[in-house]
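**Student:** Contents of query20.csv (CSV, C-alpha atoms and all ligand atoms) are given next:
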chain,number,residue,atom,x,y,z
A,1,MET,CA,64.2,7.8,-52.9
A,2,ASN,CA,64.8,10.6,-50.5
A,3,ILE,CA,63.6,11.7,-47.0
A,4,GLU,CA,61.0,14.2,-48.3
A,5,GLU,CA,59.5,11.5,-50.5
A,6,VAL,CA,59.3,9.1,-47.4
A,7,ASP,CA,57.8,11.7,-45.1
A,8,GLY,CA,55.3,12.6,-47.9
A,9,LEU,CA,54.3,9.0,-48.1
A,10,THR,CA,54.0,8.9,-44.2
A,11,ALA,CA,51.7,11.9,-44.2
A,12,ALA,CA,49.5,10.5,-47.0
A,13,ALA,CA,49.2,7.1,-45.2
A,14,LEU,CA,48.2,8.8,-41.9
A,15,ALA,CA,45.6,10.8,-43.7
A,16,ALA,CA,44.1,7.8,-45.4
A,17,LEU,CA,44.1,5.7,-42.1
A,18,GLY,CA,42.5,8.6,-40.2
A,19,SER,CA,39.5,8.5,-42.5
A,20,ALA,CA,39.1,4.7,-42.9
A,21,ALA,CA,35.3,4.3,-42.9
A,22,ASP,CA,35.1,0.9,-41.2
A,23,LEU,CA,37.2,-2.0,-39.9
A,24,ALA,CA,37.4,-3.7,-43.3
A,25,ALA,CA,38.7,-0.6,-45.0
A,26,LEU,CA,41.2,-0.1,-42.2
A,27,GLU,CA,42.5,-3.6,-42.6
A,28,ALA,CA,43.0,-3.1,-46.3
A,29,LEU,CA,45.0,0.0,-45.6
A,30,ARG,CA,47.1,-1.7,-43.0
A,31,VAL,CA,48.0,-4.5,-45.5
A,32,LYS,CA,48.7,-1.9,-48.1
A,33,TYR,CA,51.2,0.1,-46.0
A,34,ILE,CA,52.8,-2.3,-43.5
A,35,GLY,CA,51.7,-5.8,-44.7
A,36,ARG,CA,54.2,-8.4,-45.7
A,37,ASN,CA,54.0,-7.4,-49.4
A,38,GLY,CA,53.1,-3.8,-48.7
A,39,LEU,CA,54.7,-0.4,-49.1
A,40,LEU,CA,57.1,-0.6,-46.1
A,41,PRO,CA,58.9,-3.8,-47.1
A,42,GLU,CA,59.2,-2.4,-50.7
A,43,LEU,CA,60.8,0.8,-49.4
A,44,MET,CA,63.1,-1.2,-47.1
A,45,GLN,CA,64.2,-3.1,-50.2
A,46,GLY,CA,64.9,0.1,-52.0
A,47,LEU,CA,67.2,1.2,-49.1
A,48,LYS,CA,69.8,-1.2,-50.2
A,49,ALA,CA,70.4,0.8,-53.4
A,50,VAL,CA,70.9,4.1,-51.5
A,51,PRO,CA,74.5,5.4,-51.1
A,52,ALA,CA,75.9,4.5,-47.7
A,53,ALA,CA,76.2,8.1,-46.6
A,54,ASP,CA,72.4,8.7,-47.0
A,55,LYS,CA,71.3,5.4,-45.4
A,56,PRO,CA,71.1,6.4,-41.7
A,57,ALA,CA,68.9,9.4,-42.3
A,58,LEU,CA,66.7,7.6,-44.8
A,59,GLY,CA,66.5,4.6,-42.4
A,60,GLN,CA,65.2,6.9,-39.7
A,61,ALA,CA,62.6,8.3,-42.1
A,62,LEU,CA,61.4,4.8,-42.9
A,63,ASN,CA,61.3,4.0,-39.2
A,64,ARG,CA,59.1,7.1,-38.6
A,65,PHE,CA,56.8,5.7,-41.3
A,66,LYS,CA,56.6,2.3,-39.6
A,67,VAL,CA,56.0,3.6,-36.1
A,68,SER,CA,53.5,6.3,-37.0
A,69,VAL,CA,51.5,4.1,-39.4
A,70,THR,CA,51.3,1.3,-36.8
A,71,ALA,CA,50.1,3.7,-34.2
A,72,ALA,CA,47.6,5.2,-36.6
A,73,VAL,CA,46.1,1.8,-37.4
A,74,ALA,CA,45.6,1.0,-33.7
A,75,ALA,CA,44.1,4.5,-33.0
A,76,ARG,CA,41.7,4.2,-35.8
A,77,GLN,CA,40.7,0.7,-34.8
A,78,ALA,CA,39.9,1.9,-31.2
A,79,ALA,CA,37.9,4.8,-32.5
A,80,LEU,CA,35.8,2.7,-34.9
A,81,ALA,CA,35.1,0.2,-32.0
A,82,ALA,CA,34.1,2.9,-29.7
A,83,ALA,CA,31.7,4.4,-32.2
A,84,ALA,CA,30.2,1.0,-32.9
A,85,LYS,CA,29.6,0.5,-29.2
A,86,ALA,CA,28.0,3.9,-28.7
A,87,ALA,CA,25.7,3.4,-31.7
A,88,LYS,CA,24.6,0.0,-30.3
A,89,ALA,CA,23.9,1.5,-26.8
A,90,GLY,CA,21.9,4.3,-28.2
A,91,ALA,CA,19.7,2.0,-30.2
A,92,PHE,CA,16.1,2.1,-28.9
A,93,ASP,CA,13.5,-0.3,-30.2
A,94,TRP,CA,10.3,1.8,-30.1
A,95,SER,CA,8.2,-1.2,-31.1
A,96,LEU,CA,8.9,-3.2,-27.9
A,97,PRO,CA,6.1,-3.2,-25.2
A,98,GLY,CA,7.1,-1.0,-22.2
A,99,ARG,CA,7.6,-2.2,-18.7
A,100,TRP,CA,4.7,-1.0,-16.5
A,101,ALA,CA,5.5,0.1,-13.0
A,102,ARG,CA,2.9,-1.6,-10.8
A,103,GLN,CA,1.0,0.9,-8.7
A,104,GLY,CA,0.4,0.1,-5.1
A,105,ARG,CA,-3.0,0.7,-3.5
A,106,ARG,CA,-4.6,0.7,-0.1
A,107,HIS,CA,-5.8,-2.6,1.4
A,108,PRO,CA,-9.6,-2.9,1.3
A,109,ILE,CA,-9.7,-2.8,5.1
A,110,GLN,CA,-7.8,0.5,5.1
A,111,GLN,CA,-10.0,1.8,2.4
A,112,LEU,CA,-13.1,1.2,4.5
A,113,ILE,CA,-11.5,2.7,7.6
A,114,ASP,CA,-10.6,5.8,5.6
A,115,ARG,CA,-14.1,6.0,4.0
A,116,THR,CA,-16.1,5.5,7.2
A,117,SER,CA,-13.8,7.9,9.2
A,118,GLU,CA,-14.1,10.5,6.4
A,119,ILE,CA,-18.0,10.3,6.5
A,120,PHE,CA,-18.0,10.8,10.3
A,121,ARG,CA,-15.4,13.5,10.1
A,122,ARG,CA,-17.7,15.5,7.8
A,123,MET,CA,-20.4,15.0,10.4
A,124,GLY,CA,-18.2,16.7,13.1
A,125,PHE,CA,-16.5,13.6,14.6
A,126,THR,CA,-12.8,13.5,15.2
A,127,VAL,CA,-10.7,10.3,15.0
A,128,ALA,CA,-9.4,8.9,18.3
A,129,ASP,CA,-7.1,6.1,19.0
A,130,GLY,CA,-6.3,3.6,21.8
A,131,PRO,CA,-4.0,0.7,22.5
A,132,ASP,CA,-4.5,-2.8,21.2
A,133,VAL,CA,-3.2,-4.2,24.5
A,134,GLU,CA,-5.7,-3.2,27.1
A,135,THR,CA,-6.5,-3.6,30.8
A,136,GLU,CA,-9.5,-5.6,31.9
A,137,TYR,CA,-10.7,-2.3,33.3
A,138,TYR,CA,-11.1,-0.4,30.0
A,139,ASN,CA,-12.2,-3.4,28.0
A,140,PHE,CA,-14.9,-4.6,30.5
A,141,ASP,CA,-15.2,-2.9,33.9
A,142,ALA,CA,-15.5,0.7,32.6
A,143,LEU,CA,-18.0,-0.5,30.1
A,144,ASN,CA,-20.4,-1.8,32.8
A,145,THR,CA,-19.7,-5.4,31.9
A,146,PRO,CA,-20.5,-7.7,34.9
A,147,ALA,CA,-17.7,-9.9,36.3
A,148,ASP,CA,-19.4,-13.0,35.1
A,149,HIS,CA,-20.3,-11.8,31.6
A,150,VAL,CA,-19.7,-14.4,28.9
A,151,SER,CA,-17.5,-12.0,26.8
A,152,ARG,CA,-14.9,-12.1,29.6
A,153,ASP,CA,-14.5,-15.9,29.2
A,154,VAL,CA,-11.1,-17.1,28.4
A,155,GLN,CA,-12.7,-18.8,25.5
A,156,ASP,CA,-13.5,-15.4,24.0
A,157,THR,CA,-10.7,-13.2,25.2
A,158,PHE,CA,-6.9,-13.4,24.8
A,159,TYR,CA,-5.5,-12.7,28.2
A,160,LEU,CA,-1.9,-11.6,28.7
A,161,PRO,CA,0.2,-11.8,31.8
A,162,GLY,CA,-0.1,-9.0,34.3
A,163,GLY,CA,-3.9,-8.4,34.1
A,164,LEU,CA,-3.7,-7.3,30.5
A,165,LEU,CA,-5.6,-8.5,27.4
A,166,LEU,CA,-5.9,-7.9,23.7
A,167,ARG,CA,-9.0,-5.7,23.4
A,168,THR,CA,-12.0,-7.5,22.1
A,169,GLN,CA,-13.8,-4.3,21.0
A,170,THR,CA,-12.9,-0.7,20.1
A,171,SER,CA,-15.5,0.3,22.8
A,172,ALA,CA,-12.4,0.2,25.2
A,173,VAL,CA,-11.4,3.6,23.6
A,174,GLN,CA,-14.7,5.2,24.7
A,175,ALA,CA,-13.8,4.9,28.4
A,176,ARG,CA,-10.3,6.0,27.9
A,177,TYR,CA,-11.3,9.0,25.9
A,178,MET,CA,-14.0,10.2,28.2
A,179,GLU,CA,-11.6,10.0,31.2
A,180,SER,CA,-9.2,12.4,29.6
A,181,HIS,CA,-11.6,14.7,27.7
A,182,PRO,CA,-14.5,16.7,29.3
A,183,PRO,CA,-17.8,16.6,27.4
A,184,PRO,CA,-18.9,17.2,24.7
A,185,VAL,CA,-17.2,14.5,22.8
A,186,ARG,CA,-17.8,13.3,19.3
A,187,ILE,CA,-15.3,10.7,18.2
A,188,VAL,CA,-14.8,7.7,16.0
A,189,CYS,CA,-12.1,5.1,16.8
A,190,PRO,CA,-11.1,2.7,14.1
A,191,GLY,CA,-8.7,-0.1,15.1
A,192,ARG,CA,-7.8,-3.8,15.5
A,193,CYS,CA,-9.7,-6.1,17.8
A,194,TYR,CA,-9.0,-9.7,18.9
A,195,ARG,CA,-11.2,-12.6,19.9
A,196,ARG,CA,-10.5,-16.3,20.3
A,197,ASP,CA,-12.6,-17.1,17.3
A,198,THR,CA,-11.8,-20.1,15.1
A,199,THR,CA,-11.0,-18.8,11.7
A,200,ASP,CA,-13.6,-19.6,9.0
A,201,ALA,CA,-15.2,-17.8,6.1
A,202,THR,CA,-16.8,-15.1,8.3
A,203,HIS,CA,-14.6,-15.1,11.5
A,204,SER,CA,-11.1,-14.1,12.2
A,205,ALA,CA,-9.3,-13.9,15.6
A,206,ASN,CA,-8.0,-10.6,14.5
A,207,PHE,CA,-10.4,-8.1,12.9
A,208,HIS,CA,-11.2,-4.4,12.8
A,209,GLN,CA,-13.9,-2.2,14.2
A,210,ILE,CA,-14.8,1.4,14.1
A,211,GLU,CA,-16.4,2.8,17.2
A,212,GLY,CA,-18.5,6.0,17.5
A,213,LEU,CA,-19.2,8.0,20.6
A,214,TYR,CA,-21.2,11.2,20.9
A,215,VAL,CA,-21.8,12.7,24.4
A,216,ASP,CA,-23.4,16.1,25.0
A,217,THR,CA,-26.2,17.7,27.1
A,218,ARG,CA,-29.0,16.6,24.8
A,219,VAL,CA,-28.5,13.5,22.7
A,220,SER,CA,-31.3,11.1,21.9
A,221,LEU,CA,-32.0,7.9,20.2
A,222,ALA,CA,-33.5,10.0,17.4
A,223,ASP,CA,-30.0,11.6,16.9
A,224,LEU,CA,-28.5,8.2,16.7
A,225,LYS,CA,-31.1,7.1,14.1
A,226,GLY,CA,-30.7,10.3,12.1
A,227,ASP,CA,-26.9,10.1,12.1
A,228,ILE,CA,-26.8,6.4,11.2
A,229,ASP,CA,-29.3,6.9,8.4
A,230,HIS,CA,-27.1,9.7,7.0
A,231,PHE,CA,-24.0,7.4,7.3
A,232,ALA,CA,-25.9,4.5,5.6
A,233,ARG,CA,-26.7,6.8,2.6
A,234,GLU,CA,-23.1,8.2,2.4
A,235,LEU,CA,-21.5,4.7,2.6
A,236,MET,CA,-23.9,2.5,0.6
A,237,GLY,CA,-25.9,4.9,-1.6
A,238,PRO,CA,-28.8,7.4,-1.5
A,239,GLY,CA,-31.6,4.9,-1.4
A,240,VAL,CA,-30.2,2.9,1.6
A,241,LYS,CA,-32.3,3.0,4.9
A,242,SER,CA,-31.5,1.8,8.4
A,243,ARG,CA,-33.6,0.0,10.9
A,244,PHE,CA,-33.2,-0.7,14.6
A,245,ARG,CA,-33.8,-4.0,16.3
A,246,THR,CA,-33.7,-4.2,20.1
A,247,HIS,CA,-30.7,-6.0,21.5
A,248,PHE,CA,-28.5,-6.0,24.6
A,249,PHE,CA,-25.0,-4.6,25.3
A,250,PRO,CA,-23.8,-4.1,28.9
A,251,PHE,CA,-22.6,-0.5,28.1
A,252,THR,CA,-25.7,0.8,26.3
A,253,GLU,CA,-29.4,1.2,27.4
A,254,PRO,CA,-31.4,0.9,25.3
A,255,SER,CA,-29.3,-1.2,22.9
A,256,VAL,CA,-30.0,-1.9,19.3
A,257,GLU,CA,-28.7,-3.8,16.4
A,258,VAL,CA,-28.7,-1.8,13.2
A,259,ASP,CA,-29.5,-3.2,9.8
A,260,PHE,CA,-29.1,-1.4,6.4
A,261,SER,CA,-31.5,-2.1,3.6
A,262,CYS,CA,-29.6,-4.1,1.0
A,263,HIS,CA,-27.8,-1.8,-1.4
A,264,MET,CA,-27.7,-4.6,-4.1
A,265,CYS,CA,-31.4,-5.4,-4.5
A,266,GLY,CA,-32.9,-2.3,-2.8
A,267,GLY,CA,-34.6,-4.5,-0.3
A,268,ALA,CA,-36.3,-7.0,-2.7
A,269,GLY,CA,-34.1,-9.9,-1.6
A,270,CYS,CA,-30.9,-11.2,-3.2
A,271,ARG,CA,-27.8,-13.4,-2.5
A,272,VAL,CA,-26.0,-10.6,-0.7
A,273,CYS,CA,-28.8,-10.1,1.9
A,274,LYS,CA,-29.7,-13.8,1.9
A,275,GLN,CA,-33.1,-12.9,0.6
A,276,SER,CA,-34.0,-10.8,3.6
A,277,GLY,CA,-33.6,-7.4,2.1
A,278,TRP,CA,-31.6,-6.3,5.2
A,279,ILE,CA,-27.9,-6.5,6.2
A,280,GLU,CA,-26.8,-6.4,9.8
A,281,ILE,CA,-24.2,-3.7,10.1
A,282,MET,CA,-23.6,-2.6,13.7
A,283,GLY,CA,-24.4,-2.6,17.4
A,284,ALA,CA,-25.4,0.7,19.0
A,285,GLY,CA,-27.4,2.3,21.8
A,286,MET,CA,-27.6,5.1,24.3
A,287,VAL,CA,-24.5,5.1,26.6
A,288,ASP,CA,-25.4,3.5,29.9
A,289,PRO,CA,-25.3,6.1,32.8
A,290,ASN,CA,-23.0,3.8,34.7
A,291,VAL,CA,-20.4,4.1,31.9
A,292,LEU,CA,-20.6,7.9,32.0
A,293,GLN,CA,-20.3,7.8,35.8
A,294,LEU,CA,-17.3,5.5,35.7
A,295,ALA,CA,-15.6,7.9,33.2
A,296,GLY,CA,-16.1,10.8,35.6
A,297,TYR,CA,-19.0,12.4,33.8
A,298,ASP,CA,-22.2,13.5,35.5
A,299,PRO,CA,-25.0,11.2,34.1
A,300,ALA,CA,-27.6,13.7,35.3
A,301,ALA,CA,-26.0,16.4,33.1
A,302,VAL,CA,-24.9,14.6,29.9
A,303,MET,CA,-26.0,11.7,27.8
A,304,GLY,CA,-24.8,10.1,24.6
A,305,TYR,CA,-25.0,7.4,22.0
A,306,ALA,CA,-22.4,4.9,20.9
A,307,PHE,CA,-22.1,2.4,18.0
A,308,GLY,CA,-19.5,-0.1,16.8
A,309,MET,CA,-19.2,-2.0,13.5
A,310,GLY,CA,-17.0,-4.6,12.0
A,311,ILE,CA,-14.8,-3.3,9.1
A,312,GLU,CA,-14.2,-6.7,7.5
A,313,ARG,CA,-18.0,-7.2,7.3
A,314,LEU,CA,-18.4,-3.8,5.6
A,315,ALA,CA,-15.6,-4.7,3.2
A,316,MET,CA,-17.1,-8.1,2.4
A,317,ILE,CA,-20.5,-6.6,1.7
A,318,LEU,CA,-19.3,-3.6,-0.3
A,319,PHE,CA,-16.7,-5.5,-2.4
A,320,GLY,CA,-18.6,-8.8,-2.6
A,321,ILE,CA,-15.8,-10.7,-0.9
A,322,ASP,CA,-17.2,-14.1,0.1
A,323,ASP,CA,-14.4,-15.3,2.5
A,324,ILE,CA,-12.8,-13.1,5.2
A,325,ARG,CA,-9.5,-15.0,4.9
A,326,ARG,CA,-9.0,-13.5,1.4
A,327,LEU,CA,-8.4,-10.2,3.2
A,328,TYR,CA,-5.4,-11.6,5.1
A,329,GLU,CA,-3.7,-13.8,2.6
A,330,ASN,CA,-1.9,-10.7,1.1
A,331,ASP,CA,-2.3,-11.9,-2.5
A,332,VAL,CA,-1.8,-8.6,-4.3
A,333,ARG,CA,-3.4,-10.1,-7.4
A,334,TYR,CA,-6.6,-10.5,-5.4
A,335,LEU,CA,-6.4,-7.3,-3.3
A,336,ALA,CA,-5.6,-5.1,-6.3
A,337,GLN,CA,-9.1,-5.6,-7.6
A,338,PHE,CA,-10.6,-3.3,-4.9
B,401,LIG,N1,-18.7,-3.3,21.1
B,401,LIG,C1,-19.8,-3.9,20.5
B,401,LIG,C2,-19.4,-5.2,19.8
B,401,LIG,O1,-18.2,-5.5,19.8
B,401,LIG,C3,-20.5,-3.0,19.5
B,401,LIG,C4,-21.1,-1.8,20.2
B,401,LIG,C5,-20.4,-0.7,20.3
B,401,LIG,C6,-22.4,-1.8,20.7
B,401,LIG,C7,-21.0,0.5,20.9
B,401,LIG,C8,-23.0,-0.7,21.2
B,401,LIG,C9,-22.3,0.4,21.3
B,401,LIG,O2,-20.1,-5.9,19.3
Can the structure in the file be given as structure tokens, please?
Ligand code: PHE

**Tutor:**
Amino acid sequence: MNIEEVDGLTAAALAALGSAADLAALEALRVKYIGRNGLLPELMQGLKAVPAADKPALGQALNRFKVSVTAAVAARQAALAAAAKAAKAGAFDWSLPGRWARQGRRHPIQQLIDRTSEIFRRMGFTVADGPDVETEYYNFDALNTPADHVSRDVQDTFYLPGGLLLRTQTSAVQARYMESHPPPVRIVCPGRCYRRDTTDATHSANFHQIEGLYVDTRVSLADLKGDIDHFARELMGPGVKSRFRTHFFPFTEPSVEVDFSCHMCGGAGCRVCKQSGWIEIMGAGMVDPNVLQLAGYDPAAVMGYAFGMGIERLAMILFGIDDIRRLYENDVRYLAQF
């Protein structure tokens, strides 16, 4: 046994270890080279027969064998483990069902606000806005509402300290808008309203309305009828008609309630229209001259119409929702249907 022989064995062992295919093959090689009955103990045994002068150098060669083989086993082991881990991470099971990202959608109330606003926008109206917290002046006085009118009752209106209240109708925006904009005006105002209603299937203390106001030098009830008819068809379908019934509002004269022919049965009578063929949709009328005057307009020079409708009611009719509370429970499983 000489140094060259030992170094040759070392090189061969390192080459074999470097290409061990898996952990089992590597273990077999480890046992073969440095195991208790392996090559290294055998060579150490042979060292005894070597002349004393050659022993140190040959001993060092055997040590090189031991150190480098031990290191090569560890290195190969780490490399095989890393490769196994990478292979596992890269595995993709194409047969598994995917995870769907749930898509959000607009609340039915917002959908109806957007739809109605868009129809009126196409008719030349712009969208205006006003505060939810109003003064008694804009919610009632400016709308020609007498001091003793029932709607002012604390049983109907939420009053706040300091002469403020939560607006009971989007009509409050009318007065505000006219004060700051000279005629002609053509606006719709969607927004929240508040009334002291006890919540049930058709009432909520917090609901939404969309208000319309059109003021110009020549505006008639026929314009109101024509525009509402157009809106009815755009919103509910081409066959839908509107009809006016006389009514009373403090801020319009004459005042009407507007029904749409039932879009479900075409007027024949069904569950949605409670067999009547008609569905009540909004209040409307010609703006009372007092309202124009209070806003700083000249009632001898301009005239206008106004209307207001409940958004929840529209949503319930169009989507077939039978209980208004469903709209506020925020159950996305329910709301995602619309
Ligand atoms: N503000 C009325 C209501 O809340 C609706 C309405 C608006 C009526 C505009 C006439 C004109 O019922």

**Student:** Grab me every residue within 10 Å of ligand LIG 401 (chain B), counting all atoms listed in the file, and send it over as a PyMOL selection string.

**Tutor:** chain A and resi 139+143+151+167-172+174+193+195+208-213+247-258+282-288+305-310

**Student:** Leaving out A:Val302 and any residue of its chain fewer than 4 positions from it, which residues lie within 12 Å of it when counting all atoms listed in the file, given as a list in words?

**Tutor:**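 After dropping sequence-adjacent residues, the list is Met178, Pro182, Pro183, Pro184, Val185, Tyr214, Val215, Asp216, Thr217, Arg218, Val219, Ser220, Met286, Val287, Asp288, Pro289, Asn290, Val291, Leu292, Gln293, Ala295, Gly296, Tyr297 and Asp298 of chain A.
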
**Student:** Just the number, please: distance in Å from atom CA of A:Met264 to atom CA of A:Ile279, one decimal.

**Tutor:** 10.5 Å

**Student:** For A:Gln77, list every protein, DNA or RNA residue within 8 Å, evaluated using all atoms listed in the file, and leave out those in the same chain fewer than 3 positions away; present the list as a list in words.

**Tutor:**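 Counting only the stated atoms, we get Leu23, Leu26, Val73, Ala74, Leu80 and Ala81 of chain A.
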
**Student:** Keeping only C-alpha atoms, write those residues as a PDB file, keeping the file's coordinate frame.

**Tutor:**
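The resulting file, again_26.pdb, is reproduced below:
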ATOM      1  CA  LEU A  23      37.200  -2.000 -39.900  1.00  0.00           C
ATOM      2  CA  LEU A  26      41.200  -0.100 -42.200  1.00  0.00           C
ATOM      3  CA  VAL A  73      46.100   1.800 -37.400  1.00  0.00           C
ATOM      4  CA  ALA A  74      45.600   1.000 -33.700  1.00  0.00           C
ATOM      5  CA  LEU A  80      35.800   2.700 -34.900  1.00  0.00           C
ATOM      6  CA  ALA A  81      35.100   0.200 -32.000  1.00  0.00           C
TER       7      ALA A  81
END

**Student:** Please work out which residues fall within 10 Å of (-14.6, 11.9, 11.5), coordinates as given in the file, with all atoms listed in the file counting, and return them as a VMD selection string.

**Tutor:** chain A and resid 114 to 128 186 to 189 212

**Student:** Would you mind telling me which residue in A:Ile324, A:Ala201, A:Ala72, A:Val332 lies nearest to A:Glu27 when using all atoms listed in the file?

**Tutor:**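 Counting all atoms listed in the file, the residue closest to A:Glu27 is A:Ala72.
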